[in-house]
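Structure data follow from my_file_3.cif (mmCIF, C-alpha atoms):
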```
data_protein
loop_
_atom_site.label_atom_id
_atom_site.label_comp_id
_atom_site.auth_asym_id
_atom_site.auth_seq_id
_atom_site.Cartn_x
_atom_site.Cartn_y
_atom_site.Cartn_z
CA MET A 1 68.13 51.41 137.92
CA SER A 2 67.03 54.71 136.57
CA VAL A 3 65.34 55.27 133.25
CA GLU A 4 68.28 57.30 132.13
CA THR A 5 70.67 54.44 132.91
CA ILE A 6 68.44 52.01 131.00
CA ILE A 7 68.30 54.36 128.03
CA ASN A 8 72.09 54.81 128.09
CA ARG A 9 72.59 51.04 128.27
CA ILE A 10 70.19 50.50 125.33
CA ARG A 11 72.01 53.19 123.41
CA GLU A 12 75.36 51.60 124.23
CA GLU A 13 74.18 48.12 123.17
CA ALA A 14 72.67 49.57 120.00
CA GLU A 15 75.92 51.40 119.29
CA ASN A 16 77.89 48.20 119.88
CA GLU A 17 75.52 46.31 117.58
CA ILE A 18 75.84 49.00 114.95
CA GLN A 19 79.64 48.89 115.21
CA ALA A 20 79.59 45.09 114.90
CA ILE A 21 77.31 45.27 111.84
CA ARG A 22 79.49 47.95 110.27
CA ALA A 23 82.62 45.91 110.97
CA GLU A 24 80.96 42.85 109.38
CA GLU A 25 79.86 44.95 106.40
CA ALA A 26 83.39 46.34 106.06
CA ARG A 27 84.80 42.79 106.09
CA GLU A 28 82.25 41.65 103.51
CA VAL A 29 82.92 44.73 101.32
CA ALA A 30 86.69 44.09 101.59
CA ALA A 31 86.20 40.41 100.71
CA ILE A 32 83.97 41.33 97.75
CA ARG A 33 86.47 43.96 96.61
CA ALA A 34 89.35 41.44 96.94
CA ARG A 35 87.40 38.83 94.93
CA ALA A 36 86.51 41.44 92.30
CA GLU A 37 90.13 42.60 92.09
CA GLN A 38 91.36 39.00 91.83
CA SER A 39 88.76 38.24 89.18
CA ALA A 40 89.74 41.38 87.28
CA GLU A 41 93.42 40.49 87.59
CA ASN A 42 92.74 36.94 86.39
CA ALA A 43 90.70 38.27 83.47
CA TYR A 44 93.46 40.78 82.68
CA ASN A 45 96.17 38.08 82.87
CA ASN A 46 94.11 35.71 80.72
CA ARG A 47 93.48 38.45 78.16
CA MET A 48 97.14 39.43 78.18
CA ALA A 49 98.19 35.79 77.68
CA GLU A 50 95.62 35.42 74.92
CA GLY A 51 96.82 38.68 73.36
CA GLN A 52 100.44 37.50 73.51
CA ARG A 53 99.44 34.19 71.87
CA GLU A 54 97.61 36.10 69.13
CA ILE A 55 100.61 38.38 68.63
CA ARG A 56 102.98 35.39 68.44
CA GLN A 57 100.68 33.68 65.93
CA LEU A 58 100.41 36.90 63.91
CA ILE A 59 104.20 37.33 63.91
CA ALA A 60 104.71 33.69 62.92
CA SER A 61 102.10 34.02 60.18
CA ARG A 62 103.67 37.22 58.85
CA GLU A 63 107.17 35.72 59.03
CA SER A 64 105.95 32.69 57.09
CA ARG A 65 104.20 34.90 54.53
CA THR A 66 107.30 37.09 54.26
CA ARG A 67 109.52 34.03 53.70
CA ILE A 68 107.13 32.75 51.03
CA ASP A 69 106.99 36.20 49.38
CA ALA A 70 110.79 36.52 49.54
CA LYS A 71 111.24 33.07 47.95
CA ARG A 72 108.72 33.99 45.25
CA ILE A 73 110.50 37.28 44.54
CA VAL A 74 113.91 35.57 44.39
CA ARG A 75 112.55 32.79 42.17
CA GLN A 76 110.92 35.36 39.87
CA ALA A 77 114.18 37.32 39.69
CA ARG A 78 116.07 34.14 38.76
CA GLU A 79 113.46 33.21 36.17
CA ASP A 80 113.74 36.74 34.77
CA VAL A 81 117.52 36.30 34.51
CA LEU A 82 117.01 32.97 32.75
CA ASN A 83 114.46 34.49 30.36
CA ARG A 84 116.77 37.41 29.61
CA CYS A 85 119.56 34.93 28.85
CA PHE A 86 117.34 33.10 26.35
CA ASP A 87 116.15 36.40 24.90
CA GLU A 88 119.77 37.41 24.38
CA VAL A 89 120.55 34.06 22.76
CA SER A 90 117.53 34.46 20.47
CA ALA A 91 118.65 37.99 19.58
CA TYR A 92 122.17 36.68 18.89
CA LEU A 93 120.83 33.89 16.65
CA LYS A 94 119.01 36.47 14.50
CA THR A 95 122.37 38.09 13.76
CA VAL A 96 124.48 34.91 13.55
CA ARG A 97 124.82 35.20 9.75
CA THR A 98 126.71 38.49 10.19
CA ARG A 99 129.21 37.05 12.68
CA ALA A 100 132.83 36.26 11.83
CA GLU A 101 132.43 32.70 13.13
CA TYR A 102 129.40 31.93 10.91
CA PRO A 103 131.32 30.30 8.01
CA GLU A 104 132.96 27.93 10.49
CA PHE A 105 129.54 27.16 11.99
CA VAL A 106 128.02 26.30 8.58
CA HIS A 107 130.99 24.08 7.76
CA ALA A 108 130.65 22.30 11.13
CA MET A 109 126.89 21.77 10.62
CA LEU A 110 127.41 20.38 7.11
CA GLU A 111 130.21 18.11 8.31
CA ASP A 112 128.09 16.89 11.24
CA SER A 113 125.15 16.16 8.92
CA ALA A 114 127.38 14.36 6.38
CA ARG A 115 128.94 12.13 9.05
CA ASN A 116 125.51 11.24 10.43
CA LEU A 117 123.90 10.57 7.04
CA GLY A 118 126.89 8.67 5.62
CA GLN A 119 128.56 8.53 2.22
CA SER A 120 125.46 8.82 0.10
CA ASP A 121 123.92 11.55 -2.03
CA ILE A 122 122.95 14.32 0.36
CA ALA A 123 120.93 17.38 -0.65
CA VAL A 124 121.88 20.56 1.18
CA ILE A 125 119.16 23.17 1.66
CA VAL A 126 120.09 26.67 2.84
CA HIS A 127 118.85 30.25 2.98
CA PRO A 128 119.45 32.11 -0.33
CA ASP A 129 122.05 34.33 1.37
CA ASP A 130 124.11 31.24 2.31
CA ARG A 131 124.34 29.56 -1.11
CA SER A 132 127.87 30.66 -1.99
CA LEU A 133 129.14 29.87 1.52
CA ALA A 134 127.46 26.43 1.41
CA GLU A 135 129.03 25.68 -2.01
CA GLU A 136 132.52 26.41 -0.62
CA CYS A 137 131.90 24.17 2.42
CA ILE A 138 130.40 21.37 0.27
CA SER A 139 133.48 21.44 -1.96
CA ARG A 140 135.81 20.99 1.04
CA ILE A 141 133.70 18.28 2.68
CA ASN A 142 133.27 16.28 -0.53
CA LYS A 143 137.07 15.95 -0.68
CA GLU A 144 136.70 13.69 2.36
CA GLY A 145 134.65 11.17 0.35
CA PHE A 146 131.14 12.57 0.89
CA SER A 147 128.58 13.36 -1.82
CA LEU A 148 126.85 16.59 -0.89
CA PHE A 149 125.16 18.85 -3.43
CA LEU A 150 123.34 22.16 -3.12
CA SER A 151 119.58 21.77 -3.57
CA ASP A 152 117.47 24.29 -5.47
CA GLU A 153 115.14 24.34 -2.46
CA GLN A 154 115.47 27.20 -0.02
CA ILE A 155 114.69 27.62 3.66
CA ASN A 156 113.81 30.70 5.67
CA THR A 157 116.21 30.57 8.61
CA ASP A 158 118.48 32.86 10.59
CA GLY A 159 121.32 30.48 9.79
CA GLY A 160 122.44 26.89 9.42
CA VAL A 161 121.58 24.07 7.05
CA VAL A 162 119.10 21.27 6.42
CA CYS A 163 120.52 18.07 4.89
CA MET A 164 118.51 15.23 3.38
CA ARG A 165 119.80 11.81 2.35
CA VAL A 166 118.31 11.31 -1.10
CA ALA A 167 118.01 7.51 -0.85
CA ASP A 168 115.52 7.42 2.03
CA ARG A 169 114.75 11.13 2.59
CA VAL A 170 116.14 11.09 6.15
CA VAL A 171 116.55 14.72 7.19
CA ILE A 172 118.88 16.39 9.65
CA ASP A 173 117.89 19.93 10.50
CA ASN A 174 120.91 21.88 11.69
CA THR A 175 119.39 25.35 11.45
CA VAL A 176 120.14 27.62 14.41
CA GLU A 177 116.47 27.70 15.41
CA VAL A 178 116.10 23.92 15.58
CA ARG A 179 119.47 23.45 17.28
CA PHE A 180 118.46 26.08 19.83
CA VAL A 181 115.22 24.20 20.56
CA ARG A 182 117.18 20.94 20.90
CA LEU A 183 119.61 22.50 23.33
CA GLU A 184 117.06 24.64 25.14
CA ARG A 185 115.98 22.00 27.68
CA GLU A 186 119.57 21.05 28.39
CA MET A 187 120.45 24.73 28.86
CA ILE A 188 117.42 25.28 31.10
CA VAL A 189 118.45 22.34 33.30
CA ALA A 190 122.05 23.57 33.47
CA ALA A 191 121.10 27.20 34.13
CA SER A 192 118.45 26.20 36.69
CA GLY A 193 121.03 24.09 38.49
CA ILE A 194 123.18 27.20 38.86
CA LEU A 195 120.40 29.72 39.60
CA PHE A 196 118.21 27.54 41.82
CA HIS A 197 120.95 25.49 43.52
CA GLY A 198 119.77 24.03 46.82
CA GLU A 199 116.07 24.83 46.33
CA PRO A 200 113.45 22.06 46.55
#
```
Can I see the file as structure tokens?
Amino acid sequence: MSVETIINRIREEAENEIQAIRAEEAREVAAIRARAEQSAENAYNNRMAEGQREIRQLIASRESRTRIDAKRIVRQAREDVLNRCFDEVSAYLKTVRTRAEYPEFVHAMLEDSARNLGQSDIAVIVHPDDRSLAEECISRINKEGFSLFLSDEQINTDGGVVCMRVADRVVIDNTVEVRFVRLEREMIVAASGILFHGEP
């Protein structure tokens, strides 16, 4: 075997070895690349899933906050309506003395007081502007067997009467302010039942 043949064979074997090493390297590089791509895909999928969870939680949180805010706004609007109603009633009470129905109201309040205090001497206390009206009402009510008389005392009120049974000084305050306070809770309950129906 010639030297040239030996050299060619060595070259051939070396080339084959190099090709085998390169093929092995290529397989290893491909495997590494595949693992890296899979790892990257897994990381991407995990991050996407985590991001979607965060987005769902954020949406749920914002929806919950929005519902709470909406309920608060609606409740505030209803409370504002209720407050406006009471403001209007208060404004009306300040002008009740000028209303056409006021004489009938005073008569009803005197009659109510007389029936509750009984047939005994009853002092009637009114605002100075209501003295003549009260005298007329007292005259009519006393015809039913009661004993009301107009007191020299005066009260500062937007309307109505205060009656006191002389014998034991039991007082019934039927001024518009006190009657409003008495009825206020009842009106709040009734109005709230309408405005806040179905709310916890």
- Pick out the closest residue to A:Asn142 from this set: A:Ile59, A:Ile125, A:Asp158, A:Ser120. Count all atoms listed in the file. A:Ser120
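Comparing A:Glu12, A:Ala123, A:Arg140, A:Ala191 by their smallest distance to A:Arg165, the closest is A:Ala123 (using only C-alpha atoms).
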Kindly provide, as AutoDock Vina command-line options, the centre and edge lengths (Å, one decimal) of an axis-aligned box around all atoms of stretch 63-72 of chain A given in the file, with 3 Å on each side.
```
--center_x 107.7 --center_y 34.9 --center_z 52.1 --size_x 13.0 --size_y 10.4 --size_z 19.8
```
- Task: Run the PyMOL selection byres ((chain A and resi 128) around 10) against the file shown and list the residues it catches, as number ranges by chain.
- Result: A: 125-127, 129-132, 134, 152-157
Could the residues in this selection be written to a file with C-alpha atoms, as a PDB file, in the frame of the given file?
```
ATOM      1  CA  ILE A 125     119.160  23.170   1.660  1.00  0.00           C
ATOM      2  CA  VAL A 126     120.090  26.670   2.840  1.00  0.00           C
ATOM      3  CA  HIS A 127     118.850  30.250   2.980  1.00  0.00           C
ATOM      4  CA  ASP A 129     122.050  34.330   1.370  1.00  0.00           C
ATOM      5  CA  ASP A 130     124.110  31.240   2.310  1.00  0.00           C
ATOM      6  CA  ARG A 131     124.340  29.560  -1.110  1.00  0.00           C
ATOM      7  CA  SER A 132     127.870  30.660  -1.990  1.00  0.00           C
ATOM      8  CA  ALA A 134     127.460  26.430   1.410  1.00  0.00           C
ATOM      9  CA  ASP A 152     117.470  24.290  -5.470  1.00  0.00           C
ATOM     10  CA  GLU A 153     115.140  24.340  -2.460  1.00  0.00           C
ATOM     11  CA  GLN A 154     115.470  27.200  -0.020  1.00  0.00           C
ATOM     12  CA  ILE A 155     114.690  27.620   3.660  1.00  0.00           C
ATOM     13  CA  ASN A 156     113.810  30.700   5.670  1.00  0.00           C
ATOM     14  CA  THR A 157     116.210  30.570   8.610  1.00  0.00           C
TER      15      THR A 157
END
```
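Between atom CA of A:Ala70 and atom CA of A:Glu88 lies a distance of 26.7 Å.
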- A straight line from atom CA of A:Val189 to atom CA of A:Thr95 spans 25.4 Å
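Separating atom CA of A:Phe86 from atom CA of A:Phe180 is a distance of 9.6 Å.
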- Near-A:Gly145 list (12 Å; only C-alpha atoms; drop same-chain fewer than 5 positions) as a PyMOL selection string: chain A and resi 111+114-115+118-121+138-140
- Task: Tell me, as a PyMOL selection string, which residues lie within 12 Å of A:Asn116, counting only C-alpha atoms; anything in the same chain fewer than 4 positions away does not count.
- Result: chain A and resi 109-112+120+122+146+163-165+170-174
- Which one of A:Ala43, A:Ala60, A:Ile10, A:Val176 sits closest to A:Arg97 if you count all atoms listed in the file? A:Val176
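Within 10 Å of A:Glu135, once all atoms listed in the file are used and residues closer than 6 positions along the same chain are dropped, the contacting residues are Val124, Ile141, Leu148, Phe149 and Leu150 of chain A.
When the PyMOL selection byres ((chain A and resi 93) around 8) is evaluated on the file shown here, the picked residues come out as A:Val89, A:Ser90, A:Ala91, A:Tyr92, A:Lys94, A:Thr95, A:Val96, A:Asp158, A:Gly159, A:Val176, A:Glu177.
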